[in-house]
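Asker: Just passing along the structure, written as structure tokens.
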Amino acid sequence: MSFRVIFTGSLRDGFNRRRGIESLGKQFALDFDQIRYLLSGAHRMVKCVEDRRQAERIVKALWDGGWHTELHLDNRVVFRTNQAQKPSFQDPGPDLVGPSLVRMRGRDSPVSAVVPESWQPCTDLNPNAVLQAGDRNAHHYMIVLMQEREELPSGLALPDYSVAQLQQCLARLTSGRLLSGPEMVEHEVSPACTAEMSARLDTTAIQYLVAHFQCERYFHTLFLWCSQREFPRQKPLFQRMVTGFRTEPVVQAAREGTGCG
């Protein structure tokens with residue numbers, strides 16, 4: 001006995017195609033080829049599992065992203081989301097389509113970020129980082145820097161701060177180049193903007209996704225990077241990590257962050 005989650009390609013009311021596609025990339029960490037495969041046919045199988053609760057978690061994750069699905073038991077349809085105004089899911093849990101993420105908190109800082117379960121805390125990526133982690137085997141990394149807004153010109157806007165920080169960082173990198181941005185993006189907690197840049201580390205081409213966040217007292221900068229060859233596949237995961245970035249009320253003084261120190 002096996003349950004199959006079928007992607008119908010139909011959007012829920014209130015979701016447009018662009019928003020639905022963005023959710024597949026950001027929420028489920030699907031790359032371009034995986035998204036194109038799902039959208040290329042009317043009924044594509046997403047997952048085949050033996051446990052119904054596991055299958056329903058995937059159905060719920062796709063529902064939250066704006067997509068209708070079907071749940072099949074062997075060759076029989078047992079559930080269609082487009083036949084219920086608000087489907088009832090058993091034991092809704094984290095989505096199982098993309099990598100499982102866990103929340104990691106900075107030591108003596110108000111920030112936290114979501115990272116893949118395989119990532120471990122690091123201490124040697126940047127001495128100014130308030131949070132740093134990575135997968136050393138895969139060479140995928142993240143650091144978070146923070147800077148008090150009181151130390152900066154009054155009224156400095158987030159886009160201007162982002163441009164200044166990117167220029168400072170690129171000047172310190174070998175063959176540093178801005179590829180896109182910065183551009184404002186939607187974020188649940190604070191104003192944010194993102195950019196992409198590249199550099200070389202010895203003989204390896206590196207590509208970064210950089211996100212800047214404006215909070216009440218601080219600007220925060222999130223750097224995510226891997227080899228340029230792997231970046232297109234890792235970018236959806238990095239975007240999920242940007243979405244999962246959080247800050248809490250500050251009770252201790254922050255350490256300064258200047259970019260790629």
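Residue numbering restarts at 1 in every chain; chains get A, B, ... in the order shown in the structure tokens, and ligands count up from 1 in that same order.
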Can you list every residue in stretch 1-209 of chain A that DSSP puts in alpha helix (DSSP H), as a PyMOL selection string?

Answerer: chain A and resi 17-26+32-39+52-64+158-172

Asker: I need the chosen residues saved as a CSV table (one decimal), in the first residue's frame, with N, CA and C atoms.

Answerer:
chain,number,residue,atom,x,y,z
A,17,ARG,N,0.0,32.8,-10.7
A,17,ARG,CA,1.0,31.8,-11.2
A,17,ARG,C,2.4,32.2,-10.7
A,18,ARG,N,2.7,33.5,-10.7
A,18,ARG,CA,4.0,34.0,-10.3
A,18,ARG,C,4.3,33.7,-8.8
A,19,ARG,N,3.2,34.0,-8.0
A,19,ARG,CA,3.4,33.7,-6.6
A,19,ARG,C,3.5,32.2,-6.3
A,20,GLY,N,2.7,31.4,-7.0
A,20,GLY,CA,2.8,30.0,-6.8
A,20,GLY,C,4.2,29.4,-7.2
A,21,ILE,N,4.7,29.9,-8.3
A,21,ILE,CA,6.1,29.4,-8.7
A,21,ILE,C,7.1,29.8,-7.7
A,22,GLU,N,7.0,31.1,-7.2
A,22,GLU,CA,8.0,31.5,-6.2
A,22,GLU,C,7.9,30.6,-5.0
A,23,SER,N,6.7,30.2,-4.6
A,23,SER,CA,6.6,29.3,-3.4
A,23,SER,C,7.3,28.0,-3.6
A,24,LEU,N,7.2,27.5,-4.8
A,24,LEU,CA,7.9,26.2,-5.1
A,24,LEU,C,9.4,26.3,-5.0
A,25,GLY,N,9.9,27.5,-5.4
A,25,GLY,CA,11.3,27.7,-5.2
A,25,GLY,C,11.8,28.0,-3.8
A,26,LYS,N,11.1,29.0,-3.2
A,26,LYS,CA,11.5,29.5,-1.9
A,26,LYS,C,11.1,28.5,-0.8
A,32,PHE,N,15.2,25.1,-10.9
A,32,PHE,CA,14.5,25.4,-12.1
A,32,PHE,C,14.0,24.2,-12.9
A,33,ASP,N,14.8,23.2,-13.0
A,33,ASP,CA,14.4,22.0,-13.7
A,33,ASP,C,13.3,21.2,-13.0
A,34,GLN,N,13.3,21.2,-11.7
A,34,GLN,CA,12.2,20.5,-11.0
A,34,GLN,C,10.9,21.3,-11.1
A,35,ILE,N,11.0,22.6,-11.0
A,35,ILE,CA,9.7,23.4,-11.2
A,35,ILE,C,9.2,23.2,-12.6
A,36,ARG,N,10.1,23.3,-13.6
A,36,ARG,CA,9.6,23.1,-15.0
A,36,ARG,C,9.0,21.7,-15.2
A,37,TYR,N,9.6,20.7,-14.6
A,37,TYR,CA,9.0,19.4,-14.7
A,37,TYR,C,7.6,19.3,-14.1
A,38,LEU,N,7.4,19.9,-12.9
A,38,LEU,CA,6.0,19.9,-12.3
A,38,LEU,C,5.0,20.6,-13.2
A,39,LEU,N,5.4,21.7,-13.8
A,39,LEU,CA,4.5,22.6,-14.6
A,39,LEU,C,4.3,22.1,-16.0
A,52,ARG,N,0.4,7.7,5.4
A,52,ARG,CA,-0.6,8.7,5.0
A,52,ARG,C,-0.3,10.1,5.6
A,53,ARG,N,0.1,10.1,6.9
A,53,ARG,CA,0.4,11.4,7.5
A,53,ARG,C,1.6,12.1,6.9
A,54,GLN,N,2.6,11.3,6.4
A,54,GLN,CA,3.7,11.9,5.7
A,54,GLN,C,3.2,12.5,4.4
A,55,ALA,N,2.3,11.8,3.7
A,55,ALA,CA,1.8,12.3,2.4
A,55,ALA,C,1.0,13.5,2.6
A,56,GLU,N,0.2,13.6,3.7
A,56,GLU,CA,-0.6,14.8,3.9
A,56,GLU,C,0.2,16.0,4.3
A,57,ARG,N,1.3,15.8,4.9
A,57,ARG,CA,2.2,16.9,5.2
A,57,ARG,C,2.7,17.6,3.9
A,58,ILE,N,3.0,16.8,2.9
A,58,ILE,CA,3.4,17.3,1.6
A,58,ILE,C,2.2,18.0,0.9
A,59,VAL,N,1.0,17.4,1.0
A,59,VAL,CA,-0.2,18.0,0.4
A,59,VAL,C,-0.4,19.4,1.1
A,60,LYS,N,-0.3,19.5,2.4
A,60,LYS,CA,-0.5,20.7,3.1
A,60,LYS,C,0.5,21.8,2.7
A,61,ALA,N,1.8,21.3,2.6
A,61,ALA,CA,2.9,22.3,2.2
A,61,ALA,C,2.6,22.9,0.8
A,62,LEU,N,2.1,22.1,-0.1
A,62,LEU,CA,1.8,22.6,-1.4
A,62,LEU,C,0.5,23.4,-1.4
A,63,TRP,N,-0.4,23.1,-0.5
A,63,TRP,CA,-1.6,23.9,-0.4
A,63,TRP,C,-1.3,25.3,0.2
A,64,ASP,N,-0.4,25.3,1.2
A,64,ASP,CA,0.1,26.6,1.7
A,64,ASP,C,0.8,27.4,0.7
A,158,LEU,N,17.6,51.8,3.9
A,158,LEU,CA,18.2,50.4,3.7
A,158,LEU,C,18.8,50.2,2.4
A,159,PRO,N,18.2,50.7,1.3
A,159,PRO,CA,18.9,50.5,0.0
A,159,PRO,C,20.3,51.1,-0.1
A,160,ASP,N,20.4,52.3,0.5
A,160,ASP,CA,21.7,53.0,0.5
A,160,ASP,C,22.7,52.3,1.4
A,161,TYR,N,22.2,51.8,2.5
A,161,TYR,CA,23.1,51.0,3.4
A,161,TYR,C,23.6,49.7,2.6
A,162,SER,N,22.7,49.1,1.9
A,162,SER,CA,23.0,47.9,1.2
A,162,SER,C,24.1,48.2,0.1
A,163,VAL,N,23.9,49.2,-0.6
A,163,VAL,CA,24.8,49.6,-1.7
A,163,VAL,C,26.2,49.8,-1.1
A,164,ALA,N,26.3,50.6,0.0
A,164,ALA,CA,27.6,50.9,0.6
A,164,ALA,C,28.3,49.6,1.1
A,165,GLN,N,27.5,48.7,1.8
A,165,GLN,CA,28.1,47.5,2.3
A,165,GLN,C,28.6,46.6,1.2
A,166,LEU,N,27.8,46.5,0.1
A,166,LEU,CA,28.2,45.7,-1.0
A,166,LEU,C,29.5,46.2,-1.7
A,167,GLN,N,29.6,47.5,-1.9
A,167,GLN,CA,30.8,48.1,-2.4
A,167,GLN,C,32.0,47.9,-1.6
A,168,GLN,N,31.8,48.0,-0.3
A,168,GLN,CA,32.9,47.7,0.7
A,168,GLN,C,33.4,46.3,0.6
A,169,CYS,N,32.4,45.4,0.6
A,169,CYS,CA,32.7,43.9,0.5
A,169,CYS,C,33.4,43.6,-0.8
A,170,LEU,N,32.9,44.1,-1.9
A,170,LEU,CA,33.5,43.7,-3.2
A,170,LEU,C,34.9,44.2,-3.3
A,171,ALA,N,35.2,45.3,-2.7
A,171,ALA,CA,36.6,45.9,-2.7
A,171,ALA,C,37.6,45.0,-2.0
A,172,ARG,N,37.1,44.1,-1.1
A,172,ARG,CA,37.9,43.2,-0.3
A,172,ARG,C,38.1,41.9,-0.9

Asker: Can you tell me, as a PyMOL selection string, what residues are no more than 6 Å from A:Arg200 when counting only C-alpha atoms, ignoring any on the same chain fewer than 5 positions away?

Answerer: chain A and resi 174-175+205-206

Asker: Print the selection's residues with all heavy atoms to a file, as a PDB file, in the first residue's frame.

Answerer:
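Written file, selection_27.pdb:
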ATOM      1  N   THR A 174      38.645  39.045  -4.101  1.00  0.00           N
ATOM      2  CA  THR A 174      39.384  38.869  -5.343  1.00  0.00           C
ATOM      3  C   THR A 174      38.399  38.714  -6.496  1.00  0.00           C
ATOM      4  O   THR A 174      37.523  37.847  -6.453  1.00  0.00           O
ATOM      5  CB  THR A 174      40.282  37.624  -5.267  1.00  0.00           C
ATOM      6  OG1 THR A 174      41.194  37.765  -4.171  1.00  0.00           O
ATOM      7  CG2 THR A 174      41.055  37.434  -6.558  1.00  0.00           C
ATOM      8  N   SER A 175      38.515  39.572  -7.501  1.00  0.00           N
ATOM      9  CA  SER A 175      37.620  39.547  -8.670  1.00  0.00           C
ATOM     10  C   SER A 175      36.162  39.707  -8.258  1.00  0.00           C
ATOM     11  O   SER A 175      35.261  39.107  -8.855  1.00  0.00           O
ATOM     12  CB  SER A 175      37.801  38.247  -9.469  1.00  0.00           C
ATOM     13  OG  SER A 175      39.127  38.102  -9.903  1.00  0.00           O
ATOM     14  N   ALA A 205      35.494  29.724  -8.418  1.00  0.00           N
ATOM     15  CA  ALA A 205      34.541  30.828  -8.550  1.00  0.00           C
ATOM     16  C   ALA A 205      33.433  30.644  -7.516  1.00  0.00           C
ATOM     17  O   ALA A 205      32.839  29.566  -7.421  1.00  0.00           O
ATOM     18  CB  ALA A 205      33.957  30.862  -9.954  1.00  0.00           C
ATOM     19  N   ILE A 206      33.169  31.693  -6.741  1.00  0.00           N
ATOM     20  CA  ILE A 206      32.182  31.661  -5.666  1.00  0.00           C
ATOM     21  C   ILE A 206      31.048  32.621  -6.009  1.00  0.00           C
ATOM     22  O   ILE A 206      31.273  33.683  -6.590  1.00  0.00           O
ATOM     23  CB  ILE A 206      32.812  32.082  -4.318  1.00  0.00           C
ATOM     24  CG1 ILE A 206      34.032  31.214  -3.996  1.00  0.00           C
ATOM     25  CG2 ILE A 206      31.784  32.004  -3.190  1.00  0.00           C
ATOM     26  CD1 ILE A 206      33.719  29.761  -3.791  1.00  0.00           C
TER      27      ILE A 206
END

Asker: Which residues are close to A:Leu178, i.e. within 8 Å by only C-alpha atoms, leaving aside same-chain residues fewer than 2 positions away? Reply as a VMD selection string.

Answerer: chain A and resid 166 170 176 180 to 181 195 to 198

Asker: Which value, in Å to one decimal, gives the distance between atom CA of A:Asp31 and atom CA of A:Pro236?

Answerer: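 Atom CA of A:Pro236 lies 6.4 Å from atom CA of A:Asp31.
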
Asker: Out of stretch 38-245 of chain A, which residues get strand (DSSP E or B) from DSSP, as a compact mmCIF listing (two decimals) with N, CA and C atoms, in the first residue's frame?

Answerer:
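Result went into out.txt, see below:
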# COMPACT_ATOMS: atom_id res chain seq x y z
N ARG A 44 1.58 15.47 -12.16
CA ARG A 44 2.91 14.96 -11.91
C ARG A 44 3.00 14.43 -10.48
N MET A 45 3.65 13.29 -10.30
CA MET A 45 3.80 12.74 -8.96
C MET A 45 4.94 13.47 -8.24
N VAL A 46 4.63 13.97 -7.04
CA VAL A 46 5.62 14.66 -6.22
C VAL A 46 6.36 13.68 -5.32
N LYS A 47 5.60 12.76 -4.71
CA LYS A 47 6.20 11.85 -3.74
C LYS A 47 5.32 10.61 -3.62
N CYS A 48 5.96 9.48 -3.37
CA CYS A 48 5.26 8.23 -3.09
C CYS A 48 5.76 7.70 -1.76
N VAL A 49 4.85 7.57 -0.78
CA VAL A 49 5.23 7.15 0.57
C VAL A 49 4.23 6.12 1.09
N TRP A 67 -1.07 25.69 -4.27
CA TRP A 67 -1.31 24.68 -5.31
C TRP A 67 -2.30 23.61 -4.87
N HIS A 68 -3.15 23.20 -5.81
CA HIS A 68 -4.05 22.07 -5.58
C HIS A 68 -3.32 20.76 -5.89
N THR A 69 -3.63 19.75 -5.10
CA THR A 69 -3.03 18.43 -5.30
C THR A 69 -4.09 17.36 -5.11
N GLU A 70 -3.70 16.15 -5.45
CA GLU A 70 -4.53 14.97 -5.19
C GLU A 70 -3.71 13.96 -4.41
N LEU A 71 -4.40 13.20 -3.57
CA LEU A 71 -3.76 12.12 -2.83
C LEU A 71 -4.32 10.80 -3.34
N HIS A 72 -3.44 9.96 -3.86
CA HIS A 72 -3.85 8.67 -4.42
C HIS A 72 -3.39 7.54 -3.50
N LEU A 73 -4.25 6.56 -3.30
CA LEU A 73 -3.89 5.33 -2.62
C LEU A 73 -3.84 4.24 -3.67
N ARG A 76 -6.25 4.62 -6.66
CA ARG A 76 -7.53 5.23 -6.32
C ARG A 76 -7.31 6.62 -5.72
N VAL A 77 -8.10 7.62 -6.18
CA VAL A 77 -8.02 8.96 -5.63
C VAL A 77 -8.80 8.99 -4.31
N VAL A 78 -8.11 9.37 -3.23
CA VAL A 78 -8.77 9.40 -1.93
C VAL A 78 -9.01 10.82 -1.43
N PHE A 79 -8.38 11.81 -2.09
CA PHE A 79 -8.53 13.19 -1.60
C PHE A 79 -8.14 14.16 -2.70
N ARG A 80 -8.96 15.20 -2.89
CA ARG A 80 -8.65 16.28 -3.82
C ARG A 80 -8.83 17.60 -3.09
N LEU A 101 14.78 21.93 7.54
CA LEU A 101 15.54 23.02 8.13
C LEU A 101 15.32 23.09 9.63
N VAL A 102 16.33 23.54 10.34
CA VAL A 102 16.25 23.74 11.79
C VAL A 102 16.67 25.16 12.09
N ARG A 103 16.17 25.70 13.21
CA ARG A 103 16.51 27.07 13.57
C ARG A 103 17.77 27.09 14.43
N MET A 104 18.70 27.96 14.04
CA MET A 104 19.95 28.13 14.76
C MET A 104 20.02 29.57 15.27
N ARG A 105 20.36 29.72 16.54
CA ARG A 105 20.38 31.05 17.16
C ARG A 105 21.82 31.51 17.39
N VAL A 111 19.71 37.40 16.81
CA VAL A 111 19.35 36.86 15.51
C VAL A 111 19.25 35.35 15.53
N SER A 112 18.45 34.83 14.60
CA SER A 112 18.38 33.39 14.37
C SER A 112 18.12 33.17 12.89
N ALA A 113 18.50 32.01 12.41
CA ALA A 113 18.31 31.67 11.00
C ALA A 113 17.98 30.19 10.88
N VAL A 114 17.31 29.83 9.79
CA VAL A 114 17.04 28.42 9.53
C VAL A 114 18.13 27.89 8.62
N VAL A 115 18.62 26.69 8.94
CA VAL A 115 19.69 26.06 8.17
C VAL A 115 19.36 24.59 7.97
N PRO A 116 19.91 23.94 6.94
CA PRO A 116 19.71 22.50 6.79
C PRO A 116 20.24 21.74 8.00
N GLN A 120 26.52 22.73 10.47
CA GLN A 120 27.04 22.83 11.82
C GLN A 120 27.51 24.25 12.11
N PRO A 121 27.47 24.68 13.38
CA PRO A 121 28.01 26.00 13.73
C PRO A 121 29.49 26.09 13.37
N LEU A 131 26.50 35.08 13.96
CA LEU A 131 26.01 33.74 13.69
C LEU A 131 26.70 33.25 12.43
N GLN A 132 27.26 32.04 12.47
CA GLN A 132 27.93 31.48 11.30
C GLN A 132 27.80 29.97 11.32
N ALA A 133 27.57 29.41 10.15
CA ALA A 133 27.34 27.97 10.05
C ALA A 133 27.64 27.52 8.63
N GLY A 134 27.70 26.21 8.44
CA GLY A 134 27.93 25.70 7.10
C GLY A 134 28.03 24.20 7.05
N ASP A 135 28.14 23.71 5.84
CA ASP A 135 28.40 22.30 5.56
C ASP A 135 29.78 22.24 4.92
N HIS A 140 29.19 24.86 1.59
CA HIS A 140 28.06 25.80 1.61
C HIS A 140 28.10 26.50 2.97
N TYR A 141 28.00 27.85 2.95
CA TYR A 141 28.23 28.58 4.19
C TYR A 141 27.26 29.75 4.36
N MET A 142 27.19 30.23 5.62
CA MET A 142 26.35 31.37 5.98
C MET A 142 27.02 32.13 7.12
N ILE A 143 26.97 33.47 7.06
CA ILE A 143 27.32 34.29 8.20
C ILE A 143 26.29 35.41 8.34
N VAL A 144 26.13 35.90 9.57
CA VAL A 144 25.25 37.03 9.85
C VAL A 144 26.07 38.10 10.56
N LEU A 145 26.01 39.33 10.05
CA LEU A 145 26.67 40.48 10.66
C LEU A 145 25.62 41.48 11.10
N MET A 146 25.94 42.30 12.08
CA MET A 146 25.00 43.33 12.52
C MET A 146 25.74 44.60 12.87
N GLN A 147 25.06 45.73 12.67
CA GLN A 147 25.67 47.04 12.92
C GLN A 147 24.62 47.97 13.50
N GLU A 148 25.01 48.70 14.54
CA GLU A 148 24.09 49.64 15.17
C GLU A 148 23.79 50.80 14.23
N ARG A 177 32.48 41.00 -8.02
CA ARG A 177 31.62 41.61 -9.03
C ARG A 177 30.17 41.52 -8.59
N LEU A 178 29.44 42.62 -8.70
CA LEU A 178 28.01 42.63 -8.38
C LEU A 178 27.25 42.09 -9.58
N LEU A 179 26.43 41.06 -9.35
CA LEU A 179 25.69 40.42 -10.43
C LEU A 179 24.26 40.93 -10.56
N SER A 180 23.63 41.26 -9.43
CA SER A 180 22.26 41.77 -9.46
C SER A 180 21.95 42.46 -8.15
N GLY A 181 20.96 43.38 -8.20
CA GLY A 181 20.52 44.07 -7.00
C GLY A 181 21.45 45.22 -6.63
N PRO A 182 21.21 45.75 -5.41
CA PRO A 182 20.21 45.28 -4.45
C PRO A 182 18.80 45.71 -4.83
N GLU A 183 17.84 44.85 -4.48
CA GLU A 183 16.43 45.15 -4.72
C GLU A 183 15.62 44.78 -3.49
N MET A 184 14.58 45.56 -3.23
CA MET A 184 13.73 45.32 -2.07
C MET A 184 12.92 44.04 -2.29
N VAL A 185 12.75 43.26 -1.22
CA VAL A 185 11.97 42.03 -1.28
C VAL A 185 11.02 42.00 -0.09
N ALA A 192 13.63 44.41 3.83
CA ALA A 192 14.79 43.63 3.41
C ALA A 192 15.08 43.88 1.94
N CYS A 193 16.33 43.71 1.57
CA CYS A 193 16.70 43.75 0.16
C CYS A 193 17.78 42.71 -0.08
N THR A 194 17.87 42.22 -1.30
CA THR A 194 18.82 41.16 -1.63
C THR A 194 19.65 41.54 -2.85
N ALA A 195 20.80 40.91 -2.95
CA ALA A 195 21.69 41.11 -4.09
C ALA A 195 22.48 39.82 -4.30
N GLU A 196 23.07 39.69 -5.48
CA GLU A 196 23.96 38.57 -5.77
C GLU A 196 25.29 39.12 -6.24
N MET A 197 26.37 38.45 -5.83
CA MET A 197 27.70 38.87 -6.26
C MET A 197 28.58 37.64 -6.41
N SER A 198 29.70 37.82 -7.08
CA SER A 198 30.62 36.71 -7.30
C SER A 198 32.04 37.14 -6.95
N ALA A 199 32.91 36.16 -6.75
CA ALA A 199 34.32 36.41 -6.44
C ALA A 199 35.09 35.12 -6.71
N ARG A 200 36.39 35.17 -6.49
CA ARG A 200 37.22 33.98 -6.65
C ARG A 200 37.96 33.71 -5.35
N LEU A 201 38.00 32.44 -4.98
CA LEU A 201 38.76 31.98 -3.83
C LEU A 201 39.77 30.98 -4.36
N THR A 204 38.72 28.78 -7.36
CA THR A 204 37.29 28.46 -7.37
C THR A 204 36.45 29.73 -7.50
N ALA A 205 35.49 29.72 -8.42
CA ALA A 205 34.54 30.83 -8.55
C ALA A 205 33.43 30.64 -7.52
N ILE A 206 33.17 31.69 -6.74
CA ILE A 206 32.18 31.66 -5.67
C ILE A 206 31.05 32.62 -6.01
N GLN A 207 29.83 32.25 -5.64
CA GLN A 207 28.69 33.16 -5.81
C GLN A 207 27.94 33.29 -4.49
N TYR A 208 27.50 34.51 -4.21
CA TYR A 208 26.86 34.85 -2.95
C TYR A 208 25.42 35.33 -3.18
N LEU A 209 24.55 34.99 -2.24
CA LEU A 209 23.27 35.67 -2.07
C LEU A 209 23.40 36.48 -0.79
N VAL A 210 23.19 37.79 -0.89
CA VAL A 210 23.36 38.69 0.25
C VAL A 210 22.02 39.35 0.55
N ALA A 211 21.62 39.32 1.82
CA ALA A 211 20.36 39.96 2.23
C ALA A 211 20.66 40.95 3.35
N HIS A 212 20.09 42.15 3.23
CA HIS A 212 20.20 43.17 4.27
C HIS A 212 18.83 43.40 4.89
N PHE A 213 18.79 43.52 6.22
CA PHE A 213 17.55 43.70 6.95
C PHE A 213 17.65 44.96 7.81
N GLN A 214 16.58 45.74 7.83
CA GLN A 214 16.54 46.95 8.65
C GLN A 214 15.63 46.71 9.85
N TYR A 218 19.22 48.03 14.55
CA TYR A 218 20.36 47.48 13.83
C TYR A 218 20.05 47.25 12.36
N PHE A 219 21.10 47.28 11.55
CA PHE A 219 21.09 46.68 10.22
C PHE A 219 21.74 45.30 10.35
N HIS A 220 21.11 44.29 9.75
CA HIS A 220 21.68 42.95 9.74
C HIS A 220 22.00 42.56 8.30
N THR A 221 23.10 41.83 8.13
CA THR A 221 23.50 41.35 6.81
C THR A 221 23.68 39.85 6.86
N LEU A 222 23.03 39.16 5.94
CA LEU A 222 23.11 37.71 5.83
C LEU A 222 23.82 37.35 4.54
N PHE A 223 24.96 36.67 4.65
CA PHE A 223 25.71 36.20 3.49
C PHE A 223 25.53 34.69 3.37
N LEU A 224 25.17 34.22 2.18
CA LEU A 224 25.07 32.80 1.88
C LEU A 224 25.88 32.54 0.62
N TRP A 225 26.73 31.50 0.63
CA TRP A 225 27.55 31.29 -0.56
C TRP A 225 27.93 29.83 -0.77
N CYS A 226 28.29 29.56 -2.03
CA CYS A 226 28.77 28.25 -2.45
C CYS A 226 29.52 28.47 -3.76
N SER A 227 29.96 27.40 -4.40
CA SER A 227 30.64 27.56 -5.68
C SER A 227 29.65 28.10 -6.71

Asker: With distances taken over only C-alpha atoms, which of A:Asp74, A:Gln27, A:Gly66, A:Val242 is nearest to A:Val5?

Answerer: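 Between A:Asp74, A:Gln27, A:Gly66, A:Val242, the residue approaching A:Val5 most closely is A:Asp74.
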
Asker: How many Å separate atom CA of A:His187 from atom CA of A:Phe231?

Answerer: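 These atoms are spaced 21.9 Å apart.
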
Asker: Which of these, A:His43, A:Asn126, A:Asp202, A:Leu237, has the shortest distance to A:Leu30 once you count only C-alpha atoms?

Answerer: A:Leu237
